[in-house]
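Undergrad: Handing you this structure, nothing more for now.
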Amino acid sequence: MRIDNLFTNAAAPAQGERFEALLTHKNLVIERIVSSATITPTQYVQTQDEWVAMLQGEATLEVAGEAVELRSGDYLFLPAGTPHSVRRVSEGALWLAIHLH
């Protein structure tokens with residue numbers, strides 16, 4: 001058994017986002033995402049379902065053509081095949097993403 005902390009080594013990268021798998025088990029992947037305010041919006045259309053929670057910070061996403069605002073404590077379910085991208089994010093935003101393959 002190993003205890004860790006979501007906020008350890010959570011400094012934002014100079015630009016973009018850092019994705020770190022915290023747990024991979026069977027059809028489940030849990031990852032931590034740390035964002036810089038300097039990002040290049042990238043559209044994702046994933047083959048798996050994703051549940052994402054904003055642990056700290058805020059962001060504006062575009063989900064299936066609609067603007068979605070997330071603030072600390074907010075979460076969102078993205079079914080497989082849903083186009084989405086991060087349009088704006090605060091410096092040091094910390095996310096938890098759960099992927100169900």
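Numbering starts fresh at 1 for the residues of each chain in the structure tokens, the chains themselves are lettered A, B, ... in the order given, and ligands are numbered from 1 as they appear.
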Would you give me, as a ChimeraX atom specification, the residues in chain A that DSSP reads as strand (DSSP E or B)?
TA: /A:17-25,28-35,44,49-56,58-63,66-71,75-78,84-89,93-100
Undergrad: Which polymer residues have any atom within 10 Å of an atom of Glu66 of chain A, counting only C-alpha atoms, with same-chain residues fewer than 4 positions away left out, as a PyMOL selection string?
TA: chain A and resi 61-62+84
Undergrad: Looking at A:Gln48, A:Glu91, A:Ile3, A:Leu55, which one is nearest to Ser36 of chain A, with distances taken over only C-alpha atoms?
TA: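 Smallest separation from Ser36 of chain A among the options: A:Glu91.
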Undergrad: With a distance cut-off of 12 Å and only C-alpha atoms, select the neighbouring residues of segment 70-74 of chain A, excluding the residue or stretch itself and same-chain residues fewer than 3 positions from it, and output the selection as a list in words.
TA: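 Residues meeting the cut-off are Trp51, Val52, Ala53, Met54, Leu55, Gln56, Gly57, Glu58, Ala59, Thr60, Leu61, Glu62, Val63, Ala67, Phe77, Val86, Arg87, Arg88, Val89, Ser90, Gly92, Ala93, Leu94, Trp95 and Leu96 of chain A.
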Undergrad: Considering only C-alpha atoms, return as a CSV table (one decimal) with all heavy atoms, in the first residue's frame whatever protein or nucleic-acid residues lie within 12 Å of Arg2 of chain A, sequence-local ones (same chain, fewer than 2 positions apart) excluded.
TA:
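To be explicit, this is the file written out as part_33.csv:
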chain,number,residue,atom,x,y,z
A,4,ASP,N,-0.2,8.6,-1.3
A,4,ASP,CA,0.3,9.8,-2.0
A,4,ASP,C,-0.7,10.9,-1.9
A,4,ASP,O,-1.7,10.8,-1.2
A,4,ASP,CB,0.5,9.4,-3.5
A,4,ASP,CG,1.7,10.2,-4.1
A,4,ASP,OD1,2.1,11.3,-3.6
A,4,ASP,OD2,2.3,9.7,-5.1
A,5,ASN,N,-0.4,12.1,-2.5
A,5,ASN,CA,-1.2,13.2,-2.3
A,5,ASN,C,-1.4,13.9,-3.7
A,5,ASN,O,-0.4,14.1,-4.4
A,5,ASN,CB,-0.6,14.2,-1.3
A,5,ASN,CG,-1.5,15.3,-0.9
A,5,ASN,OD1,-1.8,16.2,-1.8
A,5,ASN,ND2,-1.9,15.3,0.3
A,22,LEU,N,-2.4,8.1,-12.4
A,22,LEU,CA,-2.2,7.8,-10.9
A,22,LEU,C,-2.6,6.3,-10.7
A,22,LEU,O,-2.0,5.7,-9.8
A,22,LEU,CB,-3.1,8.7,-10.1
A,22,LEU,CG,-2.9,10.2,-10.2
A,22,LEU,CD1,-4.0,11.0,-9.4
A,22,LEU,CD2,-1.5,10.6,-9.8
A,23,LEU,N,-3.5,5.8,-11.5
A,23,LEU,CA,-3.9,4.4,-11.3
A,23,LEU,C,-4.4,3.9,-12.7
A,23,LEU,O,-5.2,4.6,-13.4
A,23,LEU,CB,-5.1,4.3,-10.3
A,23,LEU,CG,-5.7,2.9,-10.2
A,23,LEU,CD1,-4.7,2.0,-9.5
A,23,LEU,CD2,-7.0,3.0,-9.4
Undergrad: Would you please work out which residue, of A:Ser85, A:Asn27, A:Ser35, A:Thr47, is nearest to Leu100 of chain A when using only C-alpha atoms?
TA: A:Asn27
Undergrad: Using only C-alpha atoms, which of A:Ile39, A:Ala97, A:Val45, A:Ala80 sits nearest Pro13 of chain A?
TA: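 Among the listed residues, the smallest separation from Pro13 of chain A belongs to A:Ile39.
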Undergrad: What separation in Å, quoted to one decimal, exists between atom CA of His25 of chain A and atom CA of Gly81 of chain A?
TA: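 Separating atom CA of His25 of chain A from atom CA of Gly81 of chain A is a distance of 21.9 Å.
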Undergrad: Report, in Å with one decimal, the straight-line distance from atom CA of Thr42 of chain A to atom CA of Lys26 of chain A.
TA: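 These two atoms are separated by 27.3 Å.
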